[in-house]
Structures are given as structure tokens and as C-alpha cells.
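Below is the file work-v1.json, which contains JSON, C-alpha atoms.
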```
[["chain", "number", "residue", "atom", "x", "y", "z"],
["R", 232, "MET", "CA", -101.35, 27.00, -31.57],
["R", 233, "ILE", "CA", -97.80, 25.75, -31.09],
["R", 234, "SER", "CA", -96.19, 23.63, -33.78],
["R", 235, "SER", "CA", -95.68, 20.02, -32.72],
["R", 236, "SER", "CA", -92.38, 19.53, -34.54],
["R", 237, "SER", "CA", -90.37, 18.71, -31.41],
["R", 238, "GLU", "CA", -90.95, 17.30, -27.96],
["R", 239, "PRO", "CA", -90.43, 20.69, -26.25],
["R", 240, "THR", "CA", -93.08, 22.28, -28.47],
["R", 241, "ARG", "CA", -95.47, 19.40, -27.77],
["R", 242, "ILE", "CA", -94.93, 19.82, -24.02],
["R", 243, "ALA", "CA", -95.41, 23.59, -24.37],
["R", 244, "ASP", "CA", -98.70, 22.91, -26.14],
["R", 245, "GLN", "CA", -99.87, 20.64, -23.30],
["R", 246, "LEU", "CA", -98.92, 23.31, -20.76],
["R", 247, "ARG", "CA", -100.90, 25.88, -22.74],
["R", 248, "ARG", "CA", -103.94, 23.60, -23.03],
["R", 249, "ALA", "CA", -103.92, 22.82, -19.29],
["R", 250, "PHE", "CA", -103.85, 26.51, -18.42],
["R", 251, "GLU", "CA", -105.68, 28.33, -21.23],
["R", 252, "GLY", "CA", -108.03, 25.87, -22.84],
["R", 253, "ASP", "CA", -108.74, 23.48, -25.69],
["R", 254, "ALA", "CA", -107.81, 20.59, -23.43],
["R", 255, "TRP", "CA", -109.20, 17.12, -24.05],
["R", 256, "HIS", "CA", -110.43, 16.61, -20.47],
["R", 257, "GLY", "CA", -112.64, 19.70, -20.15],
["R", 258, "PRO", "CA", -112.19, 23.23, -18.85],
["R", 259, "ALA", "CA", -108.66, 24.46, -18.25],
["R", 260, "LEU", "CA", -107.68, 26.73, -15.39],
["R", 261, "LEU", "CA", -108.37, 30.07, -17.14],
["R", 262, "GLU", "CA", -111.66, 28.80, -18.52],
["R", 263, "LEU", "CA", -112.76, 28.01, -14.96],
["R", 264, "LEU", "CA", -111.76, 31.49, -13.80],
["R", 265, "LYS", "CA", -113.50, 33.54, -16.51],
["R", 266, "ASP", "CA", -116.63, 34.19, -14.43],
["R", 267, "VAL", "CA", -115.06, 34.21, -10.95],
["R", 268, "ASP", "CA", -115.11, 37.50, -9.03],
["R", 269, "ALA", "CA", -112.87, 38.52, -6.12],
["R", 270, "ALA", "CA", -115.36, 37.51, -3.43],
["R", 271, "SER", "CA", -115.80, 34.04, -4.93],
["R", 272, "ALA", "CA", -112.05, 33.68, -5.46],
["R", 273, "ALA", "CA", -111.32, 34.54, -1.83],
["R", 274, "ALA", "CA", -114.16, 32.44, -0.37],
["R", 275, "LYS", "CA", -113.43, 29.34, 1.67],
["R", 276, "PRO", "CA", -116.56, 27.19, 1.24],
["R", 277, "LEU", "CA", -114.81, 24.05, 2.48],
["R", 278, "ALA", "CA", -112.97, 23.91, 5.80],
["R", 279, "SER", "CA", -109.18, 23.54, 5.67],
["R", 280, "VAL", "CA", -109.12, 23.92, 1.86],
["R", 281, "HIS", "CA", -107.29, 26.62, -0.08],
["R", 282, "SER", "CA", -109.40, 29.25, -1.81],
["R", 283, "ILE", "CA", -109.52, 29.64, -5.59],
["R", 284, "TRP", "CA", -107.36, 32.75, -5.20],
["R", 285, "GLU", "CA", -104.75, 30.87, -3.17],
["R", 286, "LEU", "CA", -104.70, 28.09, -5.77],
["R", 287, "VAL", "CA", -104.14, 30.56, -8.61],
["R", 288, "LEU", "CA", -101.25, 32.15, -6.69],
["R", 289, "HIS", "CA", -99.83, 28.67, -6.02],
["R", 290, "VAL", "CA", -100.02, 27.61, -9.68],
["R", 291, "ALA", "CA", -98.32, 30.85, -10.74],
["R", 292, "ALA", "CA", -95.62, 30.32, -8.11],
["R", 293, "TRP", "CA", -94.81, 26.90, -9.53],
["R", 294, "ASP", "CA", -94.90, 28.10, -13.15],
["R", 295, "GLY", "CA", -92.35, 30.72, -12.08],
["R", 296, "ALA", "CA", -90.32, 28.09, -10.22],
["R", 297, "ALA", "CA", -90.18, 25.95, -13.36],
["R", 298, "CYS", "CA", -88.84, 28.95, -15.31],
["R", 299, "ARG", "CA", -86.25, 29.61, -12.62],
["R", 300, "ARG", "CA", -85.20, 25.96, -12.59],
["R", 301, "LEU", "CA", -84.86, 26.00, -16.39],
["R", 302, "ALA", "CA", -82.56, 29.01, -15.93],
["R", 303, "GLY", "CA", -80.34, 26.90, -13.68],
["R", 304, "GLU", "CA", -81.58, 27.93, -10.26],
["R", 305, "LYS", "CA", -81.79, 25.34, -7.49],
["R", 306, "LEU", "CA", -84.92, 26.02, -5.45],
["R", 307, "GLN", "CA", -87.78, 24.49, -3.54],
["R", 308, "LEU", "CA", -90.84, 26.57, -2.74],
["R", 309, "THR", "CA", -91.97, 26.40, 0.89],
["R", 310, "GLY", "CA", -94.25, 28.41, 3.14],
["R", 311, "THR", "CA", -95.70, 31.53, 1.56],
["R", 312, "ALA", "CA", -93.47, 31.09, -1.50],
["R", 313, "ASN", "CA", -95.40, 27.85, -2.13],
["R", 314, "PHE", "CA", -98.84, 29.23, -1.23],
["R", 315, "PRO", "CA", -98.62, 33.03, -1.39],
["R", 316, "LEU", "CA", -101.03, 34.96, 0.81],
["R", 317, "VAL", "CA", -104.01, 36.87, -0.55],
["R", 318, "ARG", "CA", -103.22, 40.42, 0.54],
["R", 319, "LYS", "CA", -106.28, 42.53, -0.32],
["R", 320, "PRO", "CA", -109.25, 40.66, -1.79],
["R", 321, "THR", "CA", -110.45, 43.45, -4.10],
["R", 322, "GLU", "CA", -111.66, 43.13, -7.68],
["R", 323, "ALA", "CA", -108.58, 45.01, -8.92],
["R", 324, "ALA", "CA", -106.25, 42.74, -6.95],
["R", 325, "TRP", "CA", -108.03, 39.64, -8.29],
["R", 326, "ARG", "CA", -107.73, 40.84, -11.91],
["R", 327, "LYS", "CA", -104.05, 41.60, -11.26],
["R", 328, "THR", "CA", -103.52, 38.11, -9.79],
["R", 329, "VAL", "CA", -105.07, 36.40, -12.83],
["R", 330, "ALA", "CA", -103.15, 38.64, -15.28],
["R", 331, "GLN", "CA", -99.86, 37.96, -13.49],
["R", 332, "ALA", "CA", -100.54, 34.21, -13.46],
["R", 333, "LYS", "CA", -101.18, 34.37, -17.21],
["R", 334, "ARG", "CA", -97.96, 36.35, -17.83],
["R", 335, "THR", "CA", -95.94, 33.86, -15.79],
["R", 336, "HIS", "CA", -97.55, 30.94, -17.59],
["R", 337, "ASP", "CA", -96.98, 32.53, -21.01],
["R", 338, "MET", "CA", -93.30, 32.97, -20.13],
["R", 339, "LEU", "CA", -93.07, 29.29, -19.19],
["R", 340, "VAL", "CA", -94.75, 28.15, -22.42],
["R", 341, "LYS", "CA", -92.44, 30.33, -24.55],
["R", 342, "THR", "CA", -89.37, 29.14, -22.66],
["R", 343, "VAL", "CA", -90.32, 25.47, -23.03],
["R", 344, "ALA", "CA", -91.21, 25.83, -26.73],
["R", 345, "ALA", "CA", -87.74, 27.27, -27.40],
["R", 346, "LEU", "CA", -85.82, 24.53, -25.57],
["R", 347, "PRO", "CA", -83.52, 22.25, -27.51],
["R", 348, "GLU", "CA", -84.64, 18.65, -27.08],
["R", 349, "SER", "CA", -81.40, 17.78, -25.31],
["R", 350, "ARG", "CA", -82.42, 19.98, -22.34],
["R", 351, "LEU", "CA", -85.33, 17.67, -21.53],
["R", 352, "ARG", "CA", -82.94, 14.95, -20.30],
["R", 353, "GLU", "CA", -80.86, 17.32, -18.16],
["R", 354, "ARG", "CA", -81.30, 16.97, -14.43],
["R", 355, "VAL", "CA", -83.27, 19.72, -12.67],
["R", 356, "PRO", "CA", -80.85, 21.58, -10.35],
["R", 357, "GLY", "CA", -80.93, 19.94, -6.91],
["R", 358, "LYS", "CA", -83.38, 17.20, -7.97],
["R", 359, "LYS", "CA", -83.15, 13.53, -8.95],
["R", 360, "TYR", "CA", -85.32, 13.98, -12.04],
["R", 361, "ASP", "CA", -84.97, 15.64, -15.43],
["R", 362, "PHE", "CA", -86.76, 18.55, -17.10],
["R", 363, "TYR", "CA", -88.96, 16.18, -19.10],
["R", 364, "HIS", "CA", -90.40, 14.85, -15.82],
["R", 365, "LEU", "CA", -90.67, 18.35, -14.31],
["R", 366, "LEU", "CA", -92.50, 19.88, -17.26],
["R", 367, "HIS", "CA", -95.04, 17.08, -17.58],
["R", 368, "GLY", "CA", -95.50, 17.41, -13.82],
["R", 369, "VAL", "CA", -96.24, 21.13, -14.17],
["R", 370, "ALA", "CA", -99.02, 20.37, -16.67],
["R", 371, "GLN", "CA", -100.41, 17.71, -14.33],
["R", 372, "HIS", "CA", -100.16, 20.14, -11.40],
["R", 373, "GLU", "CA", -102.22, 22.75, -13.26],
["R", 374, "LEU", "CA", -104.91, 20.24, -14.14],
["R", 375, "TYR", "CA", -105.02, 18.95, -10.56],
["R", 376, "HIS", "CA", -105.61, 22.45, -9.21],
["R", 377, "ALA", "CA", -108.07, 23.27, -12.01],
["R", 378, "GLY", "CA", -110.12, 20.30, -10.77],
["R", 379, "GLN", "CA", -110.00, 21.71, -7.24],
["R", 380, "ILE", "CA", -111.17, 25.08, -8.54],
["R", 381, "ALA", "CA", -114.09, 23.39, -10.32],
["R", 382, "ILE", "CA", -115.10, 21.72, -7.05],
["R", 383, "LEU", "CA", -114.76, 24.99, -5.10],
["R", 384, "LYS", "CA", -117.01, 26.71, -7.62],
["R", 385, "LYS", "CA", -119.63, 23.96, -7.22],
["R", 386, "ALA", "CA", -119.35, 24.26, -3.42],
["R", 387, "GLN", "CA", -120.25, 27.94, -3.84],
["R", 388, "GLY", "CA", -123.29, 27.12, -5.96],
["R", 389, "TRP", "CA", -121.86, 27.77, -9.43],
["R", 390, "SER", "CA", -123.32, 25.63, -12.20],
["R", 391, "GLU", "CA", -121.38, 24.31, -15.14]]
```

Would you mind giving the structure from this file in C-alpha cells?
Amino acid sequence: MISSSSEPTRIADQLRRAFEGDAWHGPALLELLKDVDAASAAAKPLASVHSIWELVLHVAAWDGAACRRLAGEKLQLTGTANFPLVRKPTEAAWRKTVAQAKRTHDMLVKTVAALPESRLRERVPGKKYDFYHLLHGVAQHELYHAGQIAILKKAQGWSE
């Protein structure tokens, strides 16, 4: 558990809870994925809706974008950078996707926890908002997509 001695460490803790678990609202993203196999992750049970796999790639893309923005890069994810394509829906590829998403998320949490508080009020490169707003938005983004994943699992017949 991350110490809550500063605002960056409190935000890092919320990011961790949204992604890994021990969140107030219910299951976090990784908790929802623990029993998902490649076929279920790649399935599209609802028309015109992203698959679980696509959502995991998307969340990882935005965790990485937040890290890049914290490093000073001006960027906006579009197209396949925003929703990367599922290349080969194999079990090994699915495990690799989840592991890479966790590594990217862990990097974000560590980066945020180490921030000086003054960085939170700095403007995100190329945006009209600050890092405080961005980082809370990333946690909200992860919870939003975790909710979608929960619905996709139910649409495939998974029980809670």
C-alpha cells in the first residue's frame, strides 16, 4: 500500500486501487480479468462494442500516454494508438497483453507517487488542464472501462 502523506501518493493509491483492487466500488480492472481467457477477451458479444481485449489495450495506451505527458511530451492518441488492434488472439498473446498493461500501470503509479506536489498544478503539454485533473481522469477512465468489462463478461454468461 502507498503512503498517503502527499497528494501525489494519494492519487497513486487511487490509480492502483482502480486497476489492481481494494477499491471501494467493487472489482477493479485486474480483478475482473483474473478468470478471462483469450477467447472471452476477444469475443464481441454486443454489436459495435469494443472487446475486453481491446479495452485492456486502450487502458494501457492511456496509462502510457499519461506517463509520456508527465515526461513533457505533447500527444493525443488517435486511431490505433487510442484503440490498438488485437493481432493474434492466442492465450499467450492475451497473457502478454495483461502483463504489459500491468507493467505500464505500475510505471504510472510509481511515477505519480514520486511527483512533487507542485507538478500537480502544472499544465499538461498541449492541454488546457493540469496534471491533477489528468491523473484523476486516468483513475476515472480505468473504472469506466472496468465497468464495461463487467458488462461484457455478463453478456457472455459469466456470473459474479

Subject >> Among the residues R:Leu339, R:Leu263, R:Leu316, R:Ala243, the one that comes closest to Leu374 of chain R [using only C-alpha atoms] >> reply: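 For Leu374 of chain R, the nearest of the candidates is R:Leu263.
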
Subject >> Exercise: Ala269 of chain R partners within 7 Å, all atoms listed in the file, chain neighbours under 3 positions left out, as an NGL selection string >> reply: :R and (272-273 or 320-322 or 325)

**OP:** Enter the distance from atom CA of Leu260 of chain R to atom CA of Arg248 of chain R, in Å, rounded to one decimal.
**Re:**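 Between these atoms lies a distance of 9.1 Å.
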
Original post:
So how far away is atom CA of Ala330 of chain R from atom CA of His376 of chain R, in Å?
Top reply: 17.5 Å

**OP:** Excluding Val267 of chain R and any residue of its chain fewer than 5 positions from it, enumerate the residues within 12 Å of it, using all atoms listed in the file, and give them as a VMD selection string.
**Re:** chain R and resid 260 to 262 272 to 274 282 to 284 287 322 325 to 326 329 380 to 381 383 to 385 387 to 390

**OP:** Find the residue from R:Leu277, R:Leu306, R:Ala292, R:Ile242 that sits nearest to Lys333 of chain R; use only C-alpha atoms when measuring.
**Re:** R:Ala292

Original post:
What is the atom CA of His281 of chain R-atom CA of Thr342 of chain R distance in Å, reported with one decimal?
Top reply: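 Computing the Euclidean distance for atom CA of His281 of chain R and atom CA of Thr342 of chain R yields 28.9 Å.
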
Subject >> Residue with smallest distance to Asn313 of chain R - pool R:Lys327, R:His289, R:Lys275, R:Arg334, counting all atoms listed in the file >> reply: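 Smallest separation from Asn313 of chain R among the options: R:His289.
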
Subject >> Long-range neighbours of Asp337 of chain R as a list in words, 12 Å cut-off, only C-alpha atoms, 3 positions minimum in chain >> reply: Ala243, Asp244, Leu246, Arg247, Arg248, Phe250, Glu251, Ala291, Asp294, Gly295, Cys298, Ala330, Gln331, Ala332, Lys333, Arg334, Val340, Lys341, Thr342, Val343 and Ala344 of chain R

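In terms of minimum interatomic distance to Leu288 of chain R, R:Arg318 ranks closest within R:Arg300, R:His367, R:Arg318, R:Lys358, counting all atoms listed in the file.
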
Original post:
Taking into account all atoms listed in the file, which residue in the set R:Thr335, R:Lys305, R:Phe362, R:Val280 is nearest to Glu348 of chain R?
Top reply: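 Once distances to Glu348 of chain R are computed over all atoms listed in the file, the minimum belongs to R:Phe362.
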
Original post:
Between R:Lys359, R:His336, R:Arg299, R:His256, which one has atoms that come closest to Ala377 of chain R, using all atoms listed in the file?
Top reply: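 That would be R:His256, the residue with the smallest distance to Ala377 of chain R.
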